[in-house]
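What follows is a single structure, written as structure tokens, with notes after it.
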Amino acid sequence: MTGGDDTSWGVSLGAPGWAPPSVDLKTDVPHSARVYDYILGGKDNFPADRAAGEITAKSMPGVARSMRANRNFMARMAHILAAEHGIRQFLDIGTGLPTEPNLHEVVQKAAPESRIVYVDNDPIVLVHARALLTSTPEGRTAYLDADFTDPESILKSEQLTSTLDLSQPVALSLIAIVHFIPDETLIQNVIDRLMAPLASGSILALSTVTADYAPEPVAGGVAAYRANGISMTARDRTTVEGFFRGLEILEPGVVLVHRWHPDEDAAGYGDNESFMYGAIARKP
Ligand SMILES: C[S@@+](CC[C@H](N)C(=O)[O-])C[C@H]1O[C@@H](n2cnc3c(N)ncnc32)[C@H](O)[C@@H]1O
């Protein structure tokens with residue numbers, strides 16, 4: 001499903017005649033985007049995803065609350081980057097199914113001229129991409145069907161080159177995606193490759209699963225995902241900090257997502273209730 005003819009799947013606001021492409025959704029096996037959607041209370045999932053979601057919820061008590069903490073981290077991070085750091089361009093890989101507020105809605109509320117390229121490798125996200133293309137007239141959104149582990153296909157895509165100006169800062173957003181990739185060296189190399197052409201002042205924003213504070217539920221959740229055929233790896237703080245090599249990690253560092261610039265909702269979380277680390281870092 002990944003790769004293919006990028007241009008034919010390039011979808012931008014106002015593109016005449018765009019319709020969801022015909023794809024094989026493989027509805028008989030669980031997919032991470034749909035399991036996440038089911039646990040968050042969404043409707044874009046199938047019986048195999050719901051069964052996997054139920055097993056995960058039983059094995060990982062509190063998973064829905066933790067996922068909400070991650071989603072809220074994404075929204076706070078996006079708002080702060082747009083409103084306080086002046087970032088106007090976002091490359092969001094591992095977008096997931098449209099869930100309000102989507103990243104472009106958050107950043108365009110603060111800065112309507114913002115441009116966002118969304119990337120995911122799941123065909124169900126591609127089918128629902130229209131809901132991600134509701135850009136303001138001043139800004140632009142684009143969707144690319146591609147795989148994180150193939151950074152060249154992302155960097156060379158028409159969607160990226162026609163939407164983002166790489167001479168200006170870009171925020172690379174990797175929210176709740178790298179825990180699906182077991183190989184840490186691969187993750188680091190892909191991040192290095194994606195950050196390399198970005199201008200000084202660009203940002204890496206990342207969140208990923210950790211078992212540092214809630215070892216039992218997270219071990220249960222990791223086992224449940226793996227039993228359903230979805231790779232999942234929990235990582236400690238030092239390993240997560242390693243994903244930001246060569247970058248300046250900004251305050252408050254790599255912390256549980258609810259501890260990152262908390263709003264009222266995040267402040268109500270205990271440290272054993274959000275199972276993810278999050279941080280942002282600036283390219284010198
Ligand atoms: C848990 S969802 C996170 C969605 C959103 N970023 C959020 O945090 O709310 C993970 C998303 O990453 C996507 N994904 C997983 N592995 C990927 C890969 N190798 N390349 C691109 N997308 C991937 C899945 O399809 C899914 O939509």
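FYI, nothing fancy with the structure tokens labels: chains A, B, ... in order, residues from 1 per chain, ligands from 1 as they appear.
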
7 Å shell around ligand 1 using only C-alpha atoms and all ligand atoms, listed as a ChimeraX atom specification: /A:32-33,36,70-71,74,93-97,119-122,125,146-149,174-177,180-181

Closest of A:Ser173, A:Thr233, A:Thr239, A:Thr99 to Asp37 in chain A - atom-to-atom distances counting only C-alpha atoms: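 Checking each of A:Ser173, A:Thr233, A:Thr239, A:Thr99 against Asp37 in chain A, counting only C-alpha atoms, the winner is A:Thr99.
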
Counting only C-alpha atoms, the residue of A:Val35, A:Leu155, A:Ala82, A:Ala111 that sits nearest Ala51 in chain A: A:Val35

Picked from range 71-189 of chain A by DSSP as helix (DSSP H, G or I), as a ChimeraX atom specification: /A:71-83,103-110,123-127,129-132,151-155,158-163,178-180,184-189

Would you save the residues of that selection, restricted to C-alpha atoms, as a compact mmCIF listing (two decimals), in the first residue's frame?
```txt
# COMPACT_ATOMS: atom_id res chain seq x y z
CA ARG A 71 -4.13 13.56 21.78
CA ASN A 72 -4.32 16.60 24.06
CA PHE A 73 -0.49 16.80 24.09
CA MET A 74 -0.63 16.96 20.28
CA ALA A 75 -3.08 19.86 20.44
CA ARG A 76 -1.09 21.80 23.09
CA MET A 77 2.16 21.19 21.23
CA ALA A 78 0.67 22.36 17.91
CA HIS A 79 -0.89 25.46 19.48
CA ILE A 80 2.31 26.45 21.30
CA LEU A 81 4.43 25.97 18.17
CA ALA A 82 2.09 28.16 16.12
CA ALA A 83 1.22 30.76 18.75
CA LEU A 103 -3.54 19.44 13.87
CA HIS A 104 -4.28 21.90 11.03
CA GLU A 105 -7.38 23.14 12.85
CA VAL A 106 -5.32 23.89 15.96
CA VAL A 107 -2.50 25.69 14.17
CA GLN A 108 -4.67 27.55 11.65
CA LYS A 109 -6.77 28.91 14.51
CA ALA A 110 -3.60 30.60 15.77
CA PRO A 123 -5.37 2.94 3.67
CA ILE A 124 -8.24 3.79 6.03
CA VAL A 125 -6.62 7.17 6.75
CA LEU A 126 -6.24 7.74 3.00
CA VAL A 127 -9.93 7.01 2.50
CA ALA A 129 -8.25 12.16 4.03
CA ARG A 130 -10.91 14.60 2.82
CA ALA A 131 -11.60 15.57 6.43
CA LEU A 132 -7.95 16.63 6.74
CA PRO A 151 11.82 9.16 4.13
CA GLU A 152 12.93 9.71 0.52
CA SER A 153 9.40 9.11 -0.74
CA ILE A 154 8.16 11.75 1.72
CA LEU A 155 10.85 14.35 0.98
CA GLU A 158 4.87 16.53 -4.85
CA GLN A 159 2.67 17.06 -1.78
CA LEU A 160 5.63 18.12 0.34
CA THR A 161 7.54 20.11 -2.27
CA SER A 162 4.46 22.05 -3.39
CA THR A 163 3.17 22.75 0.13
CA VAL A 178 7.58 5.43 16.58
CA HIS A 179 6.45 2.83 19.16
CA PHE A 180 5.16 0.82 16.17
CA GLU A 184 15.75 2.24 17.26
CA THR A 185 18.62 2.74 14.83
CA LEU A 186 16.14 2.85 11.97
CA ILE A 187 14.01 5.44 13.81
CA GLN A 188 17.06 7.63 14.49
CA ASN A 189 18.28 7.38 10.91
```

Leu172 in chain A surroundings by only C-alpha atoms, 9 Å radius, close-in-sequence under 4 positions cut, as a count of residues only: 13

Non-local contacts of Ala227 in chain A (12 Å; only C-alpha atoms; under 2 positions in same chain excluded) as a ChimeraX atom specification: /A:29-30,51-53,55-56,59,220-225,229-232

Produce a file of the selected residues containing N, CA, C and O atoms, as an mmCIF file, in the first residue's frame.
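Output below, filename part00.cif:
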```cif
data_model
loop_
_atom_site.group_PDB
_atom_site.id
_atom_site.type_symbol
_atom_site.label_atom_id
_atom_site.label_comp_id
_atom_site.auth_asym_id
_atom_site.auth_seq_id
_atom_site.Cartn_x
_atom_site.Cartn_y
_atom_site.Cartn_z
ATOM 1 N N VAL A 29 -8.179 -7.853 9.507
ATOM 2 C CA VAL A 29 -7.077 -7.790 10.486
ATOM 3 C C VAL A 29 -7.066 -6.406 11.148
ATOM 4 O O VAL A 29 -7.389 -5.400 10.516
ATOM 5 N N PRO A 30 -6.691 -6.364 12.444
ATOM 6 C CA PRO A 30 -6.678 -5.061 13.113
ATOM 7 C C PRO A 30 -5.578 -4.153 12.579
ATOM 8 O O PRO A 30 -4.500 -4.627 12.248
ATOM 9 N N ALA A 51 -12.390 -5.902 18.321
ATOM 10 C CA ALA A 51 -11.964 -7.032 19.154
ATOM 11 C C ALA A 51 -10.566 -6.762 19.725
ATOM 12 O O ALA A 51 -10.318 -6.955 20.921
ATOM 13 N N ALA A 52 -9.657 -6.257 18.887
ATOM 14 C CA ALA A 52 -8.299 -5.943 19.361
ATOM 15 C C ALA A 52 -8.353 -4.823 20.393
ATOM 16 O O ALA A 52 -7.631 -4.850 21.398
ATOM 17 N N GLY A 53 -9.225 -3.846 20.161
ATOM 18 C CA GLY A 53 -9.373 -2.737 21.104
ATOM 19 C C GLY A 53 -9.870 -3.211 22.457
ATOM 20 O O GLY A 53 -9.398 -2.760 23.504
ATOM 21 N N ILE A 55 -9.504 -6.261 23.762
ATOM 22 C CA ILE A 55 -8.428 -7.007 24.428
ATOM 23 C C ILE A 55 -7.398 -6.025 24.997
ATOM 24 O O ILE A 55 -6.934 -6.164 26.132
ATOM 25 N N THR A 56 -7.075 -4.987 24.222
ATOM 26 C CA THR A 56 -6.101 -3.991 24.697
ATOM 27 C C THR A 56 -6.628 -3.282 25.937
ATOM 28 O O THR A 56 -5.899 -3.095 26.920
ATOM 29 N N SER A 59 -6.277 -5.548 28.886
ATOM 30 C CA SER A 59 -4.881 -5.820 29.271
ATOM 31 C C SER A 59 -4.166 -4.554 29.728
ATOM 32 O O SER A 59 -3.114 -4.630 30.360
ATOM 33 N N GLY A 220 1.053 -5.113 29.644
ATOM 34 C CA GLY A 220 -0.163 -5.788 29.167
ATOM 35 C C GLY A 220 -0.588 -5.272 27.798
ATOM 36 O O GLY A 220 -0.968 -6.049 26.911
ATOM 37 N N GLY A 221 -0.512 -3.968 27.618
ATOM 38 C CA GLY A 221 -0.918 -3.366 26.338
ATOM 39 C C GLY A 221 0.018 -3.754 25.212
ATOM 40 O O GLY A 221 -0.425 -4.073 24.104
ATOM 41 N N VAL A 222 1.317 -3.736 25.493
ATOM 42 C CA VAL A 222 2.299 -4.119 24.466
ATOM 43 C C VAL A 222 2.042 -5.570 24.035
ATOM 44 O O VAL A 222 2.016 -5.887 22.837
ATOM 45 N N ALA A 223 1.797 -6.451 25.026
ATOM 46 C CA ALA A 223 1.542 -7.865 24.710
ATOM 47 C C ALA A 223 0.257 -8.007 23.894
ATOM 48 O O ALA A 223 0.202 -8.791 22.933
ATOM 49 N N ALA A 224 -0.777 -7.219 24.247
ATOM 50 C CA ALA A 224 -2.058 -7.307 23.520
ATOM 51 C C ALA A 224 -1.889 -6.843 22.077
ATOM 52 O O ALA A 224 -2.391 -7.481 21.138
ATOM 53 N N TYR A 225 -1.197 -5.730 21.866
ATOM 54 C CA TYR A 225 -0.963 -5.260 20.490
ATOM 55 C C TYR A 225 -0.215 -6.329 19.694
ATOM 56 O O TYR A 225 -0.586 -6.661 18.566
ATOM 57 N N GLY A 229 -0.927 -8.828 16.210
ATOM 58 C CA GLY A 229 -0.128 -8.648 14.988
ATOM 59 C C GLY A 229 0.346 -7.227 14.762
ATOM 60 O O GLY A 229 0.789 -6.886 13.661
ATOM 61 N N ILE A 230 0.243 -6.354 15.794
ATOM 62 C CA ILE A 230 0.705 -4.971 15.643
ATOM 63 C C ILE A 230 1.954 -4.796 16.509
ATOM 64 O O ILE A 230 1.905 -4.969 17.726
ATOM 65 N N SER A 231 3.060 -4.485 15.863
ATOM 66 C CA SER A 231 4.327 -4.310 16.588
ATOM 67 C C SER A 231 4.210 -3.123 17.546
ATOM 68 O O SER A 231 3.657 -2.086 17.190
ATOM 69 N N MET A 232 4.743 -3.278 18.745
ATOM 70 C CA MET A 232 4.670 -2.182 19.733
ATOM 71 C C MET A 232 5.864 -2.303 20.669
ATOM 72 O O MET A 232 6.156 -3.391 21.166
#
```

Computed interatomic separation between CA of Asp271 in chain A and CA of Arg237 in chain A (Å): 14.0 Å

For CA of Arg88 in chain A and CA of Met276 in chain A, the interatomic separation in Å (one decimal): 26.0 Å

Straight-line distance linking CA of Arg65 in chain A with CA of His258 in chain A, stated in Å to one decimal: 10.8 Å
